[in-house]
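Shown next: target15.pdb, containing PDB, N, CA and C atoms.
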```pdb
ATOM      1  N   MET A 511      23.600 -13.159  -2.950
ATOM      2  CA  MET A 511      23.810 -12.250  -4.050
ATOM      3  C   MET A 511      22.573 -11.373  -4.192
ATOM      4  N   ASP A 512      22.751 -10.065  -4.311
ATOM      5  CA  ASP A 512      21.641  -9.138  -4.501
ATOM      6  C   ASP A 512      21.391  -8.937  -5.991
ATOM      7  N   TYR A 513      20.119  -8.779  -6.354
ATOM      8  CA  TYR A 513      19.727  -8.542  -7.731
ATOM      9  C   TYR A 513      18.850  -7.310  -7.784
ATOM     10  N   SER A 514      18.932  -6.568  -8.869
ATOM     11  CA  SER A 514      17.993  -5.490  -9.112
ATOM     12  C   SER A 514      17.747  -5.412 -10.602
ATOM     13  N   VAL A 515      16.493  -5.164 -10.949
ATOM     14  CA  VAL A 515      16.090  -5.117 -12.345
ATOM     15  C   VAL A 515      15.130  -3.959 -12.533
ATOM     16  N   ALA A 516      15.416  -3.071 -13.473
ATOM     17  CA  ALA A 516      14.512  -1.984 -13.835
ATOM     18  C   ALA A 516      13.938  -2.315 -15.204
ATOM     19  N   ILE A 517      12.619  -2.147 -15.353
ATOM     20  CA  ILE A 517      11.968  -2.576 -16.581
ATOM     21  C   ILE A 517      11.106  -1.461 -17.158
ATOM     22  N   ASN A 518      11.263  -1.201 -18.452
ATOM     23  CA  ASN A 518      10.303  -0.399 -19.199
ATOM     24  C   ASN A 518       9.351  -1.397 -19.823
ATOM     25  N   PHE A 519       8.100  -1.377 -19.395
ATOM     26  CA  PHE A 519       7.155  -2.385 -19.836
ATOM     27  C   PHE A 519       6.811  -2.210 -21.306
ATOM     28  N   ALA A 520       6.946  -3.289 -22.047
ATOM     29  CA  ALA A 520       6.636  -3.284 -23.466
ATOM     30  C   ALA A 520       5.288  -3.937 -23.742
ATOM     31  N   LYS A 521       4.823  -4.759 -22.810
ATOM     32  CA  LYS A 521       3.556  -5.453 -22.989
ATOM     33  C   LYS A 521       2.950  -5.660 -21.607
ATOM     34  N   ALA A 522       1.649  -5.430 -21.505
ATOM     35  CA  ALA A 522       0.968  -5.629 -20.226
ATOM     36  C   ALA A 522      -0.408  -6.220 -20.477
ATOM     37  N   SER A 523      -0.870  -7.053 -19.549
ATOM     38  CA  SER A 523      -2.200  -7.640 -19.606
ATOM     39  C   SER A 523      -2.859  -7.429 -18.257
ATOM     40  N   VAL A 524      -3.852  -6.541 -18.225
ATOM     41  CA  VAL A 524      -4.549  -6.277 -16.971
ATOM     42  C   VAL A 524      -5.310  -7.513 -16.523
ATOM     43  N   THR A 525      -5.958  -8.201 -17.457
ATOM     44  CA  THR A 525      -6.737  -9.383 -17.084
ATOM     45  C   THR A 525      -5.837 -10.523 -16.645
ATOM     46  N   GLY A 526      -4.686 -10.674 -17.270
ATOM     47  CA  GLY A 526      -3.760 -11.730 -16.896
ATOM     48  C   GLY A 526      -2.831 -11.319 -15.775
ATOM     49  N   ARG A 527      -2.864 -10.033 -15.428
ATOM     50  CA  ARG A 527      -2.025  -9.467 -14.372
ATOM     51  C   ARG A 527      -0.553  -9.751 -14.596
ATOM     52  N   ILE A 528      -0.114  -9.565 -15.850
ATOM     53  CA  ILE A 528       1.291  -9.755 -16.181
ATOM     54  C   ILE A 528       1.803  -8.552 -16.955
ATOM     55  N   VAL A 529       3.099  -8.320 -16.858
ATOM     56  CA  VAL A 529       3.779  -7.301 -17.651
ATOM     57  C   VAL A 529       5.072  -7.910 -18.165
ATOM     58  N   GLY A 530       5.537  -7.424 -19.284
ATOM     59  CA  GLY A 530       6.777  -7.929 -19.846
ATOM     60  C   GLY A 530       7.613  -6.813 -20.411
ATOM     61  N   GLY A 531       8.911  -7.020 -20.448
ATOM     62  CA  GLY A 531       9.803  -6.018 -21.012
ATOM     63  C   GLY A 531      11.246  -6.430 -20.877
ATOM     64  N   TRP A 532      12.119  -5.565 -21.339
ATOM     65  CA  TRP A 532      13.547  -5.812 -21.270
ATOM     66  C   TRP A 532      14.032  -5.564 -19.854
ATOM     67  N   ALA A 533      14.613  -6.580 -19.226
ATOM     68  CA  ALA A 533      15.261  -6.399 -17.927
ATOM     69  C   ALA A 533      16.630  -5.778 -18.143
ATOM     70  N   SER A 534      17.277  -6.133 -19.256
ATOM     71  CA  SER A 534      18.591  -5.582 -19.583
ATOM     72  C   SER A 534      18.821  -5.696 -21.079
ATOM     73  N   VAL A 535      19.272  -4.620 -21.681
ATOM     74  CA  VAL A 535      19.681  -4.626 -23.088
ATOM     75  C   VAL A 535      21.184  -4.403 -23.108
ATOM     76  N   VAL A 536      21.923  -5.357 -23.694
ATOM     77  CA  VAL A 536      23.385  -5.259 -23.690
ATOM     78  C   VAL A 536      23.945  -4.737 -25.007
ATOM     79  N   THR A 537      23.200  -4.934 -26.104
ATOM     80  CA  THR A 537      23.561  -4.325 -27.382
ATOM     81  C   THR A 537      22.287  -3.904 -28.101
ATOM     82  N   ASN A 538      22.412  -2.870 -28.914
ATOM     83  CA  ASN A 538      21.312  -2.409 -29.749
ATOM     84  C   ASN A 538      21.878  -2.148 -31.138
ATOM     85  N   ASN A 539      21.427  -2.933 -32.098
ATOM     86  CA  ASN A 539      21.944  -2.866 -33.470
ATOM     87  C   ASN A 539      23.460  -3.010 -33.500
ATOM     88  N   GLY A 540      23.980  -3.924 -32.679
ATOM     89  CA  GLY A 540      25.404  -4.213 -32.662
ATOM     90  C   GLY A 540      26.242  -3.271 -31.810
ATOM     91  N   GLU A 541      25.643  -2.196 -31.312
ATOM     92  CA  GLU A 541      26.363  -1.238 -30.478
ATOM     93  C   GLU A 541      26.193  -1.607 -29.007
ATOM     94  N   VAL A 542      27.289  -1.609 -28.260
ATOM     95  CA  VAL A 542      27.253  -1.924 -26.835
ATOM     96  C   VAL A 542      26.429  -0.864 -26.099
ATOM     97  N   VAL A 543      25.596  -1.325 -25.165
ATOM     98  CA  VAL A 543      24.760  -0.437 -24.367
ATOM     99  C   VAL A 543      25.319  -0.367 -22.952
ATOM    100  N   GLU A 544      25.477   0.841 -22.444
ATOM    101  CA  GLU A 544      25.904   1.062 -21.062
ATOM    102  C   GLU A 544      24.642   1.195 -20.212
ATOM    103  N   ASP A 545      24.568   0.469 -19.077
ATOM    104  CA  ASP A 545      23.359   0.525 -18.252
ATOM    105  C   ASP A 545      23.337   1.784 -17.389
ATOM    106  N   TYR A 546      22.279   1.936 -16.587
ATOM    107  CA  TYR A 546      22.089   3.142 -15.786
ATOM    108  C   TYR A 546      23.179   3.344 -14.741
ATOM    109  N   GLN A 547      23.856   2.278 -14.351
ATOM    110  CA  GLN A 547      24.945   2.389 -13.387
ATOM    111  C   GLN A 547      26.302   2.563 -14.073
ATOM    112  N   GLY A 548      26.298   2.668 -15.398
ATOM    113  CA  GLY A 548      27.534   2.845 -16.141
ATOM    114  C   GLY A 548      28.248   1.546 -16.461
ATOM    115  N   ASP A 549      27.569   0.412 -16.243
ATOM    116  CA  ASP A 549      28.176  -0.892 -16.494
ATOM    117  C   ASP A 549      27.910  -1.356 -17.919
ATOM    118  N   ILE A 550      28.865  -2.091 -18.454
ATOM    119  CA  ILE A 550      28.705  -2.764 -19.744
ATOM    120  C   ILE A 550      28.753  -4.255 -19.439
ATOM    121  N   ILE A 551      27.700  -4.968 -19.809
ATOM    122  CA  ILE A 551      27.568  -6.378 -19.444
ATOM    123  C   ILE A 551      27.652  -7.244 -20.697
ATOM    124  N   PRO A 552      28.649  -8.108 -20.779
ATOM    125  CA  PRO A 552      28.698  -9.048 -21.901
ATOM    126  C   PRO A 552      27.511 -10.020 -21.825
ATOM    127  N   ILE A 553      27.001 -10.434 -22.971
ATOM    128  CA  ILE A 553      25.822 -11.299 -23.022
ATOM    129  C   ILE A 553      26.016 -12.587 -22.224
ATOM    130  N   ASP A 554      27.218 -13.161 -22.226
ATOM    131  CA  ASP A 554      27.455 -14.400 -21.479
ATOM    132  C   ASP A 554      27.363 -14.171 -19.971
ATOM    133  N   GLU A 555      27.817 -13.016 -19.495
ATOM    134  CA  GLU A 555      27.698 -12.688 -18.066
ATOM    135  C   GLU A 555      26.246 -12.422 -17.702
ATOM    136  N   LEU A 556      25.518 -11.753 -18.593
ATOM    137  CA  LEU A 556      24.096 -11.513 -18.361
ATOM    138  C   LEU A 556      23.352 -12.833 -18.280
ATOM    139  N   ARG A 557      23.680 -13.761 -19.175
ATOM    140  CA  ARG A 557      23.039 -15.076 -19.176
ATOM    141  C   ARG A 557      23.250 -15.775 -17.826
ATOM    142  N   LYS A 558      24.496 -15.763 -17.311
ATOM    143  CA  LYS A 558      24.781 -16.387 -16.010
ATOM    144  C   LYS A 558      23.962 -15.735 -14.899
ATOM    145  N   ALA A 559      23.924 -14.413 -14.877
ATOM    146  CA  ALA A 559      23.181 -13.695 -13.839
ATOM    147  C   ALA A 559      21.681 -13.965 -13.950
ATOM    148  N   ALA A 560      21.168 -13.996 -15.179
ATOM    149  CA  ALA A 560      19.745 -14.268 -15.395
ATOM    150  C   ALA A 560      19.383 -15.675 -14.933
ATOM    151  N   HIS A 561      20.196 -16.641 -15.273
ATOM    152  CA  HIS A 561      19.932 -18.021 -14.856
ATOM    153  C   HIS A 561      19.949 -18.133 -13.332
ATOM    154  N   GLN A 562      20.921 -17.494 -12.692
ATOM    155  CA  GLN A 562      20.997 -17.555 -11.236
ATOM    156  C   GLN A 562      19.795 -16.866 -10.603
ATOM    157  N   PHE A 563      19.397 -15.715 -11.157
ATOM    158  CA  PHE A 563      18.235 -14.998 -10.628
ATOM    159  C   PHE A 563      16.980 -15.855 -10.726
ATOM    160  N   VAL A 564      16.757 -16.458 -11.881
ATOM    161  CA  VAL A 564      15.552 -17.269 -12.078
ATOM    162  C   VAL A 564      15.564 -18.495 -11.174
ATOM    163  N   CYS A 565      16.713 -19.087 -10.965
ATOM    164  CA  CYS A 565      16.807 -20.268 -10.099
ATOM    165  C   CYS A 565      16.691 -19.918  -8.621
ATOM    166  N   ASP A 566      17.245 -18.783  -8.205
ATOM    167  CA  ASP A 566      17.358 -18.474  -6.785
ATOM    168  C   ASP A 566      16.347 -17.463  -6.252
ATOM    169  N   ALA A 567      15.892 -16.541  -7.058
ATOM    170  CA  ALA A 567      15.107 -15.425  -6.517
ATOM    171  C   ALA A 567      13.721 -15.302  -7.161
ATOM    172  N   ARG A 568      13.662 -14.888  -8.383
ATOM    173  CA  ARG A 568      12.445 -14.689  -9.172
ATOM    174  C   ARG A 568      11.483 -13.641  -8.629
ATOM    175  N   VAL A 569      11.830 -12.902  -7.581
ATOM    176  CA  VAL A 569      10.885 -11.944  -7.012
ATOM    177  C   VAL A 569      11.140 -10.542  -7.532
ATOM    178  N   ALA A 570      10.052  -9.811  -7.703
ATOM    179  CA  ALA A 570      10.115  -8.409  -8.104
ATOM    180  C   ALA A 570       9.681  -7.567  -6.918
ATOM    181  N   LYS A 571      10.394  -6.474  -6.703
ATOM    182  CA  LYS A 571      10.067  -5.554  -5.616
ATOM    183  C   LYS A 571       9.858  -4.172  -6.192
ATOM    184  N   ALA A 572       8.996  -3.387  -5.561
ATOM    185  CA  ALA A 572       8.761  -2.013  -5.995
ATOM    186  C   ALA A 572      10.029  -1.208  -5.769
ATOM    187  N   MET A 573      10.601  -0.701  -6.838
ATOM    188  CA  MET A 573      11.834   0.079  -6.771
ATOM    189  C   MET A 573      12.933  -0.661  -6.014
ATOM    190  N   HIS A 574      12.965  -1.991  -6.132
ATOM    191  CA  HIS A 574      14.015  -2.850  -5.579
ATOM    192  C   HIS A 574      14.036  -2.915  -4.061
ATOM    193  N   ALA A 575      12.962  -2.508  -3.408
ATOM    194  CA  ALA A 575      12.949  -2.505  -1.943
ATOM    195  C   ALA A 575      11.609  -3.006  -1.430
ATOM    196  N   GLY A 576      11.599  -3.385  -0.170
ATOM    197  CA  GLY A 576      10.358  -3.795   0.470
ATOM    198  C   GLY A 576       9.964  -5.214   0.139
ATOM    199  N   ASN A 577       8.689  -5.462   0.304
ATOM    200  CA  ASN A 577       8.141  -6.798   0.078
ATOM    201  C   ASN A 577       7.999  -7.094  -1.415
ATOM    202  N   PRO A 578       8.037  -8.366  -1.770
ATOM    203  CA  PRO A 578       7.815  -8.736  -3.171
ATOM    204  C   PRO A 578       6.440  -8.281  -3.662
ATOM    205  N   VAL A 579       6.400  -7.804  -4.909
ATOM    206  CA  VAL A 579       5.142  -7.398  -5.538
ATOM    207  C   VAL A 579       4.811  -8.288  -6.732
ATOM    208  N   GLY A 580       5.692  -9.217  -7.044
ATOM    209  CA  GLY A 580       5.463 -10.124  -8.161
ATOM    210  C   GLY A 580       6.637 -11.067  -8.294
ATOM    211  N   GLU A 581       6.564 -11.909  -9.313
ATOM    212  CA  GLU A 581       7.684 -12.804  -9.579
ATOM    213  C   GLU A 581       7.832 -13.024 -11.073
ATOM    214  N   VAL A 582       9.041 -13.334 -11.473
ATOM    215  CA  VAL A 582       9.335 -13.584 -12.879
ATOM    216  C   VAL A 582       8.759 -14.949 -13.252
ATOM    217  N   VAL A 583       7.940 -14.964 -14.303
ATOM    218  CA  VAL A 583       7.309 -16.215 -14.736
ATOM    219  C   VAL A 583       7.781 -16.646 -16.130
ATOM    220  N   GLU A 584       8.412 -15.733 -16.850
ATOM    221  CA  GLU A 584       8.998 -16.052 -18.149
ATOM    222  C   GLU A 584      10.311 -15.299 -18.258
ATOM    223  N   SER A 585      11.294 -15.923 -18.891
ATOM    224  CA  SER A 585      12.605 -15.307 -19.011
ATOM    225  C   SER A 585      13.299 -15.876 -20.231
ATOM    226  N   VAL A 586      13.885 -14.998 -21.044
ATOM    227  CA  VAL A 586      14.635 -15.474 -22.203
ATOM    228  C   VAL A 586      15.800 -14.521 -22.465
ATOM    229  N   ILE A 587      16.952 -15.113 -22.756
ATOM    230  CA  ILE A 587      18.094 -14.336 -23.221
ATOM    231  C   ILE A 587      17.987 -14.269 -24.739
ATOM    232  N   VAL A 588      17.879 -13.061 -25.263
ATOM    233  CA  VAL A 588      17.797 -12.865 -26.709
ATOM    234  C   VAL A 588      19.205 -12.522 -27.192
ATOM    235  N   ASP A 589      19.902 -13.542 -27.706
ATOM    236  CA  ASP A 589      21.217 -13.323 -28.312
ATOM    237  C   ASP A 589      21.052 -13.439 -29.829
ATOM    238  N   ASP A 590      22.146 -13.294 -30.559
ATOM    239  CA  ASP A 590      22.060 -13.329 -32.029
ATOM    240  C   ASP A 590      21.513 -14.657 -32.543
ATOM    241  N   ASP A 591      21.936 -15.763 -31.945
ATOM    242  CA  ASP A 591      21.464 -17.076 -32.401
ATOM    243  C   ASP A 591      19.963 -17.235 -32.178
ATOM    244  N   PHE A 592      19.480 -16.821 -31.010
ATOM    245  CA  PHE A 592      18.053 -16.912 -30.699
ATOM    246  C   PHE A 592      17.251 -16.029 -31.654
ATOM    247  N   ALA A 593      17.709 -14.792 -31.846
ATOM    248  CA  ALA A 593      17.006 -13.864 -32.738
ATOM    249  C   ALA A 593      16.952 -14.404 -34.163
ATOM    250  N   GLU A 594      18.060 -14.947 -34.636
ATOM    251  CA  GLU A 594      18.095 -15.500 -35.989
ATOM    252  C   GLU A 594      17.145 -16.687 -36.124
ATOM    253  N   ALA A 595      17.139 -17.562 -35.122
ATOM    254  CA  ALA A 595      16.285 -18.749 -35.165
ATOM    255  C   ALA A 595      14.804 -18.380 -35.229
ATOM    256  N   LEU A 596      14.432 -17.283 -34.573
ATOM    257  CA  LEU A 596      13.026 -16.879 -34.549
ATOM    258  C   LEU A 596      12.691 -15.797 -35.568
ATOM    259  N   GLY A 597      13.670 -15.338 -36.327
ATOM    260  CA  GLY A 597      13.431 -14.296 -37.317
ATOM    261  C   GLY A 597      13.178 -12.933 -36.696
ATOM    262  N   ILE A 598      13.754 -12.695 -35.527
ATOM    263  CA  ILE A 598      13.586 -11.412 -34.839
ATOM    264  C   ILE A 598      14.474 -10.381 -35.528
ATOM    265  N   THR A 599      13.875  -9.292 -35.972
ATOM    266  CA  THR A 599      14.633  -8.269 -36.695
ATOM    267  C   THR A 599      14.980  -7.072 -35.815
ATOM    268  N   ASP A 600      14.381  -6.970 -34.642
ATOM    269  CA  ASP A 600      14.741  -5.913 -33.697
ATOM    270  C   ASP A 600      16.206  -6.084 -33.330
ATOM    271  N   GLY A 601      16.961  -5.020 -33.271
ATOM    272  CA  GLY A 601      18.392  -5.095 -33.021
ATOM    273  C   GLY A 601      18.792  -5.257 -31.570
ATOM    274  N   LYS A 602      17.832  -5.278 -30.657
ATOM    275  CA  LYS A 602      18.170  -5.381 -29.238
ATOM    276  C   LYS A 602      18.542  -6.809 -28.867
ATOM    277  N   ARG A 603      19.573  -6.923 -28.023
ATOM    278  CA  ARG A 603      20.000  -8.204 -27.493
ATOM    279  C   ARG A 603      20.134  -8.046 -25.986
ATOM    280  N   GLY A 604      19.593  -8.995 -25.254
ATOM    281  CA  GLY A 604      19.639  -8.911 -23.803
ATOM    282  C   GLY A 604      18.686  -9.885 -23.147
ATOM    283  N   TRP A 605      18.076  -9.439 -22.053
ATOM    284  CA  TRP A 605      17.238 -10.288 -21.212
ATOM    285  C   TRP A 605      15.815  -9.749 -21.186
ATOM    286  N   TRP A 606      14.874 -10.556 -21.689
ATOM    287  CA  TRP A 606      13.446 -10.222 -21.705
ATOM    288  C   TRP A 606      12.755 -11.031 -20.626
ATOM    289  N   ILE A 607      11.975 -10.362 -19.784
ATOM    290  CA  ILE A 607      11.254 -11.089 -18.728
ATOM    291  C   ILE A 607       9.788 -10.685 -18.700
ATOM    292  N   VAL A 608       9.004 -11.564 -18.105
ATOM    293  CA  VAL A 608       7.570 -11.325 -17.869
ATOM    294  C   VAL A 608       7.310 -11.644 -16.419
TER     295      VAL A 608
END
```
What does this structure look like when you write it as structure tokens?
Amino acid sequence: MDYSVAINFAKASVTGRIVGGWASVVTNNGEVVEDYQGDIIPIDELRKAAHQFVCDARVAKAMHAGNPVGEVVESVIVDDDFAEALGITDGKRGWWIV
């Protein structure tokens, strides 16, 4: 199975050599988000894909090609239950990775 992830970095640490951001946002303030390829991904399908990616691949490539340039070291699906449990008020729901 091929995977590709585009990330707008929301947090970066030069000393720790890590970056973090949304790998995929499926809803924003309750509104469904269409991705760059025109796909709409239900949160449960995103969760399955994220779990498989973390278990099987975990590698990041520059623009999805070539040799690995990093690997995913943190991953969380932010759904309504998770956001409520942590008091997250941002309306985005999806997959956050570091």
List as a PyMOL selection string: which residues have an atom within 7 Å of (13.7, -13.0, -17.1), counting all atoms listed in the file? chain A and resi 533+560+564+582-587+605-608
Evaluate the PyMOL selection byres ((chain A and resi 541-558) around 8) here and jot the selected residues down as a PyMOL selection string. chain A and resi 534-540+559-564+586-589+601+603-605
Test item, strand (DSSP E) assignment across segment 551-582 of chain A, answer as a list in words: Val569, Ala570, Lys571, Pro578, Val579, Gly580 and Glu581 of chain A
Axis-aligned box for all listed atoms of segment 597-601 of chain A, 8 Å per side, centre and edges in Å to one decimal, as AutoDock Vina command-line options:
```
--center_x 16.0 --center_y -10.2 --center_z -34.4 --size_x 21.6 --size_y 26.3 --size_z 21.7
```
Interatomic distance, atom CA of Gly530 of chain A to atom CA of Gly580 of chain A (Å, one decimal):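 Taking atom CA of Gly530 of chain A and atom CA of Gly580 of chain A, their separation equals 12.0 Å.
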Taking only N, CA and C atoms into account, which of A:Trp532, A:Gly576, A:Lys602, A:Arg568 comes nearest Asp590 of chain A?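 Among A:Trp532, A:Gly576, A:Lys602, A:Arg568, it is A:Lys602 that comes nearest to Asp590 of chain A.
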So the first atom is atom C of Thr599 of chain A and the second is atom C of Val529 of chain A; what is the distance between them in Å, to one decimal place? 20.3 Å
Hey, can you check how far atom CA of Pro578 of chain A sits from atom CA of Asp566 of chain A?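 Atom CA of Pro578 of chain A sits 14.1 Å away from atom CA of Asp566 of chain A.
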